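See below for the structure under consideration.
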Amino acid sequence: MSAVFPGSFDPITSGHMDVLTRAARIFDHVTVTVMHNARKRGHHLFDLEERVAILEEATRHLPNVSVDTFGGLLVDYMRLQNRSIIVRGLRAVSDYEYELQIAHLNRQLGDVETVFIMAATRWSFVSSSMVREIASYGGEVDEIVPQASAKALRLKFADVQRPE
C-alpha cells in the first residue's frame, strides 16, 4: 500500500522527517509531494527546484520514499497517481482542527483517506516558518532540520552574521 505525504516543505524539518520516516515503516511506498501554487510564487524562501533537491538529499536513506511535485488540487494528484491515502503530521491540537477540515474535504472531493501521524514531542514546536526566521538571523538550526535543509539555509543566508 502506498501513501502521499504532501506539503510545501520550505524547508523540510526534523518534524517532517520524523513523520515521514515513521510513515515509510507503515507503507510500502511514500511519495513526498511538494505542492506548489502559482498564486504563492515569490512567497517561498526556496523555489520548487530547491525544495525538491533538499528533499531528495534528505530522503536518500529511505529506499521506499520518492519525491514529486504537483500544482493543483491534492485530490487531482491522488487520482492521477491512483493513490488513496494521504499522510499528514500533527504537532498540536490546533493542527488537528485545521487538518480535520481538510481531511473531510479531501474525502468528499476525492474519496481519499487521511492518516494522521503525531510528530514526536521533541519536534512539536518546530515549524518551517520558525526555522526560516531563526536561520534568517544567523541562528543555528542544525538540531531541528535535516542536514540537507541546514546546508541550504546556510547558503541562502550566507551574508547574515551571527551576533558575537
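Ligands are numbered from 1 in the order shown, residues from 1 within each chain, and chains are lettered A, B, ... in the order they appear in the C-alpha cells.
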
### Message
At a cut-off of 10 Å, using only C-alpha atoms, what residues contact stretch 102-106 of chain A? Leave out same-chain residues fewer than 4 positions from it and give the result as a ChimeraX atom specification.
### Response
/A:73-76,78,86,88,96-98,110-116

Could you save those same residues with C-alpha atoms as a PDB file, in the first residue's frame?
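Saved as again31.pdb:
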```
ATOM      1  CA  LEU A  73      -5.668  20.138  -6.019  1.00  0.00           C
ATOM      2  CA  LEU A  74      -4.248  17.302  -3.967  1.00  0.00           C
ATOM      3  CA  VAL A  75      -7.258  15.118  -4.792  1.00  0.00           C
ATOM      4  CA  ASP A  76      -6.462  15.529  -8.503  1.00  0.00           C
ATOM      5  CA  MET A  78      -4.197  11.426  -5.900  1.00  0.00           C
ATOM      6  CA  ILE A  86      -2.692  10.917   2.448  1.00  0.00           C
ATOM      7  CA  ARG A  88      -0.324  14.278   7.483  1.00  0.00           C
ATOM      8  CA  TYR A  96      -5.685  18.653  14.190  1.00  0.00           C
ATOM      9  CA  GLU A  97      -8.570  21.105  13.906  1.00  0.00           C
ATOM     10  CA  TYR A  98      -7.179  22.508  10.645  1.00  0.00           C
ATOM     11  CA  GLY A 110     -11.655  12.642  -3.965  1.00  0.00           C
ATOM     12  CA  ASP A 111     -12.597   9.583  -1.952  1.00  0.00           C
ATOM     13  CA  VAL A 112      -9.198   9.545  -0.225  1.00  0.00           C
ATOM     14  CA  GLU A 113      -8.373   8.735   3.369  1.00  0.00           C
ATOM     15  CA  THR A 114      -6.059  10.766   5.593  1.00  0.00           C
ATOM     16  CA  VAL A 115      -3.790   9.063   8.107  1.00  0.00           C
ATOM     17  CA  PHE A 116      -2.526  11.325  10.879  1.00  0.00           C
TER      18      PHE A 116
END
```

### Message
I need the alpha helix (DSSP H) residues of chain A per DSSP on the backbone, written as JSON, numbers by chain.
### Response
{"A": [14, 15, 16, 17, 18, 19, 20, 21, 22, 23, 24, 25, 26, 48, 49, 50, 51, 52, 53, 54, 55, 56, 57, 58, 74, 75, 76, 77, 78, 79, 80, 93, 94, 95, 96, 97, 98, 99, 100, 101, 102, 103, 104, 105, 106, 107, 108, 109, 110, 128, 129, 130, 131, 132, 133, 134, 135, 136, 147, 148, 149, 150, 151, 152, 153, 154, 155, 156]}

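For the set A:Val126, A:Ala3, A:Lys156, A:Leu62, the residue with the smallest atom-to-atom gap to A:Asp28 is A:Ala3, counting only C-alpha atoms.
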
### Task
Could you check how far atom CA of A:Ile144 sits from atom CA of A:Val32, in Å to one decimal?
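For atom CA of A:Ile144 relative to atom CA of A:Val32, the distance reads 19.1 Å.
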
#### Entry: Interatomic distance, atom CA of A:Ser66 to atom CA of A:Trp123 (Å, one decimal)
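Atom CA of A:Ser66 sits 22.8 Å away from atom CA of A:Trp123.
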
### Query
Which residues come within 10 Å of A:Ile26, counting only C-alpha atoms, excluding same-chain residues fewer than 4 positions away, as a list in words?
Met1, Ser2, Ala3, Leu20, Thr21, Arg22 and Val30 of chain A

Can I get the selected residues back with N, CA and C atoms, as a PDB file, in the first residue's frame?
```
ATOM      1  N   MET A   1       0.835  -1.170   0.000  1.00  0.00           N
ATOM      2  CA  MET A   1       0.000   0.000   0.000  1.00  0.00           C
ATOM      3  C   MET A   1       0.887   1.243   0.000  1.00  0.00           C
ATOM      4  N   SER A   2       0.527   2.210  -0.839  1.00  0.00           N
ATOM      5  CA  SER A   2       1.302   3.438  -0.990  1.00  0.00           C
ATOM      6  C   SER A   2       0.551   4.624  -0.410  1.00  0.00           C
ATOM      7  N   ALA A   3       1.312   5.649  -0.037  1.00  0.00           N
ATOM      8  CA  ALA A   3       0.724   6.866   0.521  1.00  0.00           C
ATOM      9  C   ALA A   3       1.433   8.084  -0.042  1.00  0.00           C
ATOM     10  N   LEU A  20       7.665  11.347   8.259  1.00  0.00           N
ATOM     11  CA  LEU A  20       7.958  10.628   7.012  1.00  0.00           C
ATOM     12  C   LEU A  20       8.636   9.281   7.282  1.00  0.00           C
ATOM     13  N   THR A  21       9.599   9.270   8.167  1.00  0.00           N
ATOM     14  CA  THR A  21      10.316   8.025   8.483  1.00  0.00           C
ATOM     15  C   THR A  21       9.356   6.996   9.072  1.00  0.00           C
ATOM     16  N   ARG A  22       8.475   7.440   9.923  1.00  0.00           N
ATOM     17  CA  ARG A  22       7.505   6.520  10.518  1.00  0.00           C
ATOM     18  C   ARG A  22       6.482   6.055   9.484  1.00  0.00           C
ATOM     19  N   VAL A  30       6.099   5.710   0.030  1.00  0.00           N
ATOM     20  CA  VAL A  30       5.574   7.035   0.349  1.00  0.00           C
ATOM     21  C   VAL A  30       6.152   8.026  -0.658  1.00  0.00           C
TER      22      VAL A  30
END
```

### Task
Would you list, as a PyMOL selection string, the residues of chain A that end up in strand (DSSP E or B) under DSSP run on this structure's backbone?
chain A and resi 2-7+29-35+65-70+85-90+113-118

Export of the given selection (N, CA, C and O atoms) as a compact mmCIF listing (two decimals), in the first residue's frame:
```
# COMPACT_ATOMS: atom_id res chain seq x y z
N SER A 2 0.53 2.21 -0.84
CA SER A 2 1.30 3.44 -0.99
C SER A 2 0.55 4.62 -0.41
O SER A 2 -0.67 4.62 -0.33
N ALA A 3 1.31 5.65 -0.04
CA ALA A 3 0.72 6.87 0.52
C ALA A 3 1.43 8.08 -0.04
O ALA A 3 2.54 7.99 -0.58
N VAL A 4 0.78 9.22 0.11
CA VAL A 4 1.32 10.51 -0.33
C VAL A 4 1.44 11.41 0.89
O VAL A 4 0.50 11.53 1.68
N PHE A 5 2.62 12.02 1.05
CA PHE A 5 2.88 12.97 2.13
C PHE A 5 3.06 14.34 1.48
O PHE A 5 4.14 14.68 1.00
N PRO A 6 1.98 15.14 1.40
CA PRO A 6 2.05 16.44 0.71
C PRO A 6 2.46 17.57 1.63
O PRO A 6 2.29 17.51 2.85
N GLY A 7 3.00 18.62 1.04
CA GLY A 7 3.33 19.81 1.80
C GLY A 7 4.12 20.78 0.96
O GLY A 7 4.46 20.49 -0.19
N HIS A 29 5.34 2.24 0.10
CA HIS A 29 5.98 3.37 -0.58
C HIS A 29 5.30 4.66 -0.16
O HIS A 29 4.08 4.70 0.00
N VAL A 30 6.10 5.71 0.03
CA VAL A 30 5.57 7.04 0.35
C VAL A 30 6.15 8.03 -0.66
O VAL A 30 7.36 8.07 -0.86
N THR A 31 5.28 8.77 -1.28
CA THR A 31 5.70 9.84 -2.19
C THR A 31 5.56 11.17 -1.45
O THR A 31 4.45 11.54 -1.05
N VAL A 32 6.67 11.84 -1.25
CA VAL A 32 6.64 13.19 -0.69
C VAL A 32 6.35 14.11 -1.86
O VAL A 32 7.12 14.17 -2.81
N THR A 33 5.21 14.79 -1.80
CA THR A 33 4.79 15.62 -2.92
C THR A 33 4.85 17.09 -2.52
O THR A 33 4.14 17.52 -1.62
N VAL A 34 5.73 17.81 -3.18
CA VAL A 34 5.86 19.25 -2.94
C VAL A 34 4.74 19.92 -3.73
O VAL A 34 4.75 19.94 -4.96
N MET A 35 3.79 20.44 -2.99
CA MET A 35 2.66 21.11 -3.63
C MET A 35 3.05 22.56 -3.91
O MET A 35 3.64 23.22 -3.05
N VAL A 65 10.92 5.81 -0.38
CA VAL A 65 10.41 7.17 -0.44
C VAL A 65 10.88 7.82 -1.73
O VAL A 65 12.05 7.69 -2.10
N SER A 66 9.94 8.48 -2.42
CA SER A 66 10.30 9.25 -3.61
C SER A 66 9.75 10.66 -3.46
O SER A 66 8.91 10.93 -2.60
N VAL A 67 10.23 11.56 -4.30
CA VAL A 67 9.84 12.97 -4.24
C VAL A 67 9.19 13.34 -5.57
O VAL A 67 9.69 12.96 -6.64
N ASP A 68 8.11 14.09 -5.51
CA ASP A 68 7.39 14.52 -6.70
C ASP A 68 6.86 15.93 -6.46
O ASP A 68 6.98 16.46 -5.34
N THR A 69 6.27 16.53 -7.47
CA THR A 69 5.66 17.86 -7.34
C THR A 69 4.29 17.84 -8.00
O THR A 69 4.02 17.02 -8.89
N PHE A 70 3.46 18.79 -7.58
CA PHE A 70 2.16 18.94 -8.22
C PHE A 70 1.65 20.34 -7.95
O PHE A 70 1.86 20.89 -6.88
N ILE A 85 -4.37 7.26 -0.08
CA ILE A 85 -4.02 7.55 1.31
C ILE A 85 -3.09 8.75 1.38
O ILE A 85 -2.04 8.79 0.73
N ILE A 86 -3.49 9.72 2.18
CA ILE A 86 -2.69 10.92 2.45
C ILE A 86 -2.14 10.79 3.86
O ILE A 86 -2.87 10.42 4.78
N VAL A 87 -0.87 11.11 4.03
CA VAL A 87 -0.26 11.14 5.36
C VAL A 87 -0.08 12.60 5.75
O VAL A 87 0.43 13.40 4.96
N ARG A 88 -0.51 12.93 6.96
CA ARG A 88 -0.32 14.28 7.48
C ARG A 88 0.24 14.17 8.89
O ARG A 88 -0.17 13.32 9.67
N GLY A 89 1.17 15.04 9.19
CA GLY A 89 1.75 15.10 10.53
C GLY A 89 1.01 16.10 11.39
O GLY A 89 0.53 17.13 10.90
N LEU A 90 0.90 15.79 12.66
CA LEU A 90 0.25 16.68 13.61
C LEU A 90 1.22 17.01 14.73
O LEU A 90 1.90 16.13 15.24
N GLU A 113 -8.46 8.78 1.92
CA GLU A 113 -8.37 8.73 3.37
C GLU A 113 -7.13 9.49 3.83
O GLU A 113 -6.11 9.50 3.13
N THR A 114 -7.20 10.08 5.01
CA THR A 114 -6.06 10.77 5.59
C THR A 114 -5.65 10.02 6.85
O THR A 114 -6.48 9.75 7.71
N VAL A 115 -4.36 9.70 6.93
CA VAL A 115 -3.79 9.06 8.11
C VAL A 115 -2.96 10.12 8.82
O VAL A 115 -2.06 10.72 8.22
N PHE A 116 -3.27 10.34 10.08
CA PHE A 116 -2.53 11.33 10.88
C PHE A 116 -1.45 10.62 11.68
O PHE A 116 -1.72 9.60 12.32
N ILE A 117 -0.26 11.18 11.66
CA ILE A 117 0.85 10.67 12.47
C ILE A 117 1.31 11.82 13.36
O ILE A 117 1.66 12.90 12.86
N MET A 118 1.28 11.58 14.65
CA MET A 118 1.72 12.61 15.60
C MET A 118 3.24 12.74 15.53
O MET A 118 3.96 11.74 15.62
```

### Query
For A:Val93, which residue out of A:Leu80, A:Ile134, A:Val52, A:Ala119 is the nearest one, using only C-alpha atoms?
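Nearest to A:Val93: A:Ala119.
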
### Message
If we count only C-alpha atoms and set the cut-off at 7 Å, which residues sit around stretch 128-131 of chain A, ignoring sequence neighbours fewer than 4 positions away in its own chain? Please answer as a list in words.
### Response
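After dropping sequence-adjacent residues, the list is Asp10, Pro11, Ile12, Thr13, Ala135 and Val141 of chain A.
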
### Message
Which residues are close to A:Ala158, i.e. within 12 Å by only C-alpha atoms, leaving aside same-chain residues fewer than 5 positions away? Reply as number ranges by chain.
### Response
A: 135-139, 150-153

### Task
Please measure the separation of atom CA of A:Ser149 and atom CA of A:Glu50, giving the value in Å to one decimal.
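Distance between the two atoms: 10.0 Å.
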
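Closest approach to A:Ser124 among A:His44, A:Arg60, A:Arg154, A:His16 is made by A:His16 (distances from only C-alpha atoms).
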
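Each of A:Ala92, A:Leu48, A:Ala24, A:Leu100 was compared to A:Pro63 using only C-alpha atoms, and A:Ala24 turns out to be the nearest.
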